[in-house]
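Colleague: Take this structure first; my questions come after.
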There are 2 protein chains.
Amino acid sequence: MKTRVSSATKEVLISDDQPTVLIGERINPTGKKKLAAALLAGDMELVRKEAIAQVQAGADILDVNVGASGVDETRLLPQAVQAVMEAVDVPLSLDSDNPKSLEAALKIYQGKPIVNSVTGREHSLNEVLPLVKEYGAVVIGLTMDDEGIPMDSGRRLAIAHKIVDRVEVLGIPREDIIIDCLALTIAADSRAGLATLQAIRKVKAELGVNQTLGASNISYGLPDRDVLNSAFLALAITAGVTCPTVDVARVRQAVLATDLFLGRDGYAQRYIKAYRQRQ
Amino acid sequence: MKTRVSSATKEVLISDDQPTVLIGERINPTGKKKLAAALLAGDMELVRKEAIAQVQAGADILDVNVGASGVDETRLLPQAVQAVMEAVDVPLSLDSDNPKSLEAALKIYQGKPIVNSVTGREHSLNEVLPLVKEYGAVVIGLTMDDEGIPMDSGRRLAIAHKIVDRVEVLGIPREDIIIDCLALTIAADSRAGLATLQAIRKVKAELGVNQTLGASNISYGLPDRDVLNSAFLALAITAGVTCPTVDVARVRQAVLATDLFLGRDGYAQRYIKAYRQRQ
C-alpha cells in the first residue's frame, strides 16, 4: 500500500518497500512549559525553531499540535501550521481532536496533509471523516473507542476494521488511511509491548494499510528511555509500522539500522550518509 | 525447548519463555593483540580479567577461544578453561574447530559445557559429535558446509536439519543442540540481514531448537557498530535467537529492552535492576 502526502513543493511516499518515514513529534506543548507559554502568547518563534531542528535531524513529516490548557486551538493551530510551512518544506500532520481546529488548519494548508486523528468513537468518525474527504487529506485512525484502548490485540484490530470501513464508505481510498495501534506504558503493564506488536502484525496482515506509532509512550516512567524506544521501534517497524511518530534526533540511528537489516537501504547508503552528517 | 548447561556450581536454562541468555564473546584473541601475546606466553591473567569483567557486565555463559597463529590450542584451551573456571562460576562454551583441543578441554571441564562448534561438513560431524556424546555436552551447530555459508535461508535450514539429524542418530537429545544461523557482513551484501533473520525464523518453526548468533559480524566495516548490533539483536531475538554470543557490556541494555517488550521481564524488574547496577 502506498500513501502519498505532500507540502506545496514536496511529496513523501509511505510504503513498506521504502525506507521508514519519520514523523517528528516535538511540536507539541504536552510536558513542554516553554512551548506552552509561547503558544499562549501567540509567539511562533519556538515552533519555527523546533520545525527546522527536526528537519535537520532527518524528519520527513512534522506533526503540529498546539493543544494546551487555555489555548484557543482553532485560532492557534492554523497560525502554527502557517509558521511551520514558512520555516520548512516537509509535509505536515495536523494534530487535534477538535474538528473545528482541524478544519481551520486544513483551510490554509498547501498540499495533501495528514489529519491526526480519528478514533473508533462515533462522534469522532462523524465529525472528522467528512473533513478528510472534503480536503483530500490522509487520516490517522487510532485503535481506541468509547471504552478506551483495549489491551487485547484482536479488539484493536476490530476498531481498525471499523475505521477503514467507515472511511471507504465515504469514498476515501484505503491508501489514505494510516492506522496507529497505540503503545501503552510497559511499566504499568508487562503485556503492553506484545499487545501492540501483535495488533500491528494483525493490521498489516488483514488490512495492509500503512501504520504510525507514537512509540515513546512505551517507556514512560522507566530509565534510559532512548534505549527502550530504539529497541521497540526496531520491533514495531519489523511488525509493520511504516511511519512512526518520534523524537527524530533521538531514535533515527536505530531506525536507519532497522531499515538496513530489513533490506530497505542498499549498500547502507542512507545509514552511512546520516553518520557523516552527524560528524 | 529447554537447554541446560552448567558449571560445577551453577545451571543456566536456555528457553524462549525465559529472558535471553548472553554468551560473552570477549575471550578470543582474534583482533586482540595483547590477548594473543599473553596466550602465546602462557599468561592467563588477561583471560581471568576478561572473564570477571564480562560476568560483572551480565554474561550468563562465557565462550573461551584461544585460537591464534602460533598457539598450541590443545595445550592452551584447557589451561584457559581452567583459569576461567577458577575466576568465575558461570558455565563455559569451549570454542575450537580442533577436535583434539575440544577433547582436552572437555576432560578437565566441571559441569555440562557447550562445545562450539560443529558444522555441516562430514569431517566436522564425524569428529566432533562423538565427543559431545561421550562428555554429555551441548553442541552449537553452524549452518555452513563445504560450500561455505549459503546466502539462501532455505539452504541454511537444510544444513541445520542435517546437523540435528546426525546428532539425534547418536542418541543426543535435541535440546542439547543450539543452532547458529550465522550473520554475514551487511556492508558486503544488503541481503545479509534478511537472509539471517529468515533462516532463524525457519529453524525456530521447523526444528524448535535454541539458537545463538554471533551478531556483531553484521556490522563489520560500518560506523556506530553498537547501534547496528543492538538493532539487529532486537530483530534476531524476536525471530528466535535465545542465547546470542555478544560483547555483553555493549549490547546488554538493548537485549534487556527487547526481553521486556517480548513479555519476558515482568514489571521490568531485570531492566531496572541492571540500570541501578550501572549507576
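Identifiers in this document derive from the order of the C-alpha cells: chains are assigned A, B, ..., residues are numbered from 1 separately in each chain, and ligands are numbered from 1 in order of occurrence.
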Set the distance at 7 Å and use only C-alpha atoms: which residues neighbour Asn28 of chain A once local chain neighbours fewer than 3 positions away are removed? I'd like the list as a PyMOL selection string.
Modeller: chain A and resi 25+64-66
Colleague: Could you write those residues out with N, CA and C atoms, as a CSV table (one decimal), in the first residue's frame?
Modeller:
```
chain,number,residue,atom,x,y,z
A,25,GLU,N,7.7,14.5,16.3
A,25,GLU,CA,6.6,14.7,17.3
A,25,GLU,C,6.8,15.9,18.2
A,64,VAL,N,2.0,18.7,14.0
A,64,VAL,CA,1.8,20.1,14.6
A,64,VAL,C,0.7,20.0,15.5
A,65,ASN,N,1.0,20.1,16.8
A,65,ASN,CA,-0.1,20.1,17.9
A,65,ASN,C,0.1,21.3,18.8
A,66,VAL,N,-1.0,22.0,19.0
A,66,VAL,CA,-0.9,23.2,19.9
A,66,VAL,C,-1.8,23.0,21.1
```
Colleague: Write out as a PyMOL selection string which residues come within 7 Å of Leu194 of chain B when counting only C-alpha atoms, dropping same-chain ones fewer than 5 positions away.
Modeller: chain A and resi 261-263
Colleague: Work out how far apart atom CA of Pro223 of chain B and atom CA of Arg276 of chain A are and give it in Å to one decimal.
Modeller: 9.3 Å
Colleague: Within 8 Å of Tyr271 of chain A, counting only C-alpha atoms, which residues show up once you throw out same-chain ones fewer than 2 positions away? Write them as a PyMOL selection string, please.
Modeller: chain A and resi 253+256-257+260+265+268-269+273-275
Colleague: Which neighbours of Asp226 of chain A fall inside 9 Å, counting only C-alpha atoms, when residues of the same chain fewer than 3 positions from it are skipped, and could you give them as a list of chain:residue names?
Modeller: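 Contacts, with the query itself left out: A:Ser216, A:Ser219, A:Pro223, A:Asn229, A:Ser230, A:Ala231, A:Arg250, A:Val251.
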Colleague: Could those residues be written to a file, using N, CA, C and O atoms, as a compact mmCIF listing (two decimals), in the first residue's frame?
Modeller:
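again38.txt, freshly written:
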```txt
# COMPACT_ATOMS: atom_id res chain seq x y z
N SER A 216 7.08 6.41 21.92
CA SER A 216 7.74 6.76 23.17
C SER A 216 6.88 6.55 24.41
O SER A 216 7.40 6.44 25.51
N SER A 219 7.87 3.67 27.01
CA SER A 219 8.96 3.71 28.00
C SER A 219 8.69 4.66 29.16
O SER A 219 9.55 4.86 30.03
N PRO A 223 13.91 4.28 33.21
CA PRO A 223 15.17 4.98 32.90
C PRO A 223 15.69 4.61 31.49
O PRO A 223 15.24 3.61 30.91
N ASN A 229 13.03 2.98 23.60
CA ASN A 229 12.32 3.43 22.40
C ASN A 229 12.97 2.89 21.13
O ASN A 229 12.28 2.50 20.18
N SER A 230 14.31 2.84 21.10
CA SER A 230 15.01 2.34 19.92
C SER A 230 14.72 0.86 19.69
O SER A 230 14.45 0.43 18.57
N ALA A 231 14.78 0.08 20.77
CA ALA A 231 14.51 -1.37 20.62
C ALA A 231 13.06 -1.59 20.20
O ALA A 231 12.76 -2.41 19.32
N ARG A 250 16.61 11.53 18.46
CA ARG A 250 16.96 10.51 19.44
C ARG A 250 16.92 9.08 18.90
O ARG A 250 17.58 8.20 19.44
N VAL A 251 16.10 8.82 17.92
CA VAL A 251 15.93 7.42 17.51
C VAL A 251 16.24 7.16 16.03
O VAL A 251 16.15 6.03 15.58
```
Colleague: Counting only C-alpha atoms, figure out which residue out of B:Ala205, B:Val169, B:Leu13, B:Leu184 gets nearest to chain A.
Modeller: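 Among B:Ala205, B:Val169, B:Leu13, B:Leu184, it is B:Leu184 that comes nearest to chain A.
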Colleague: Which residues come within 10 Å of Ser124 of chain A, counting only C-alpha atoms, excluding same-chain residues fewer than 6 positions away, as a compact mmCIF listing (two decimals) with N, CA, C and O atoms, in the first residue's frame?
Modeller:
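The resulting file, out.txt, is reproduced below:
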```txt
# COMPACT_ATOMS: atom_id res chain seq x y z
N ASP A 97 -7.88 16.88 18.33
CA ASP A 97 -9.12 16.09 18.36
C ASP A 97 -10.34 17.01 18.20
O ASP A 97 -11.49 16.56 18.31
N ASN A 98 -10.10 18.26 17.89
CA ASN A 98 -11.18 19.23 17.71
C ASN A 98 -11.42 19.47 16.22
O ASN A 98 -10.59 20.06 15.53
N PRO A 99 -12.58 19.04 15.70
CA PRO A 99 -12.86 19.16 14.26
C PRO A 99 -12.80 20.60 13.76
O PRO A 99 -12.36 20.84 12.63
N SER A 117 -6.27 13.15 14.59
CA SER A 117 -6.61 11.82 14.16
C SER A 117 -8.11 11.61 14.27
O SER A 117 -8.83 12.45 14.79
N VAL A 118 -8.54 10.42 13.84
CA VAL A 118 -9.89 9.96 14.11
C VAL A 118 -9.78 8.73 15.01
O VAL A 118 -8.75 8.05 15.01
N ASP A 145 -11.76 3.40 21.31
CA ASP A 145 -13.15 3.81 21.15
C ASP A 145 -13.70 4.27 22.50
O ASP A 145 -12.93 4.65 23.38
```
Colleague: Find the residue from B:Ala192, B:Leu213, B:Lys202, B:Gly58 that sits nearest to chain A; use only C-alpha atoms when measuring.
Modeller: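 When distances to chain A are compared using only C-alpha atoms, the smallest one comes from B:Ala192.
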Colleague: Output as a PyMOL selection string all residues of segment 5-127 of chain A that backbone DSSP marks as strand (DSSP E).
Modeller: chain A and resi 5-6+11-14+23-27+61-65+92-95+114-118
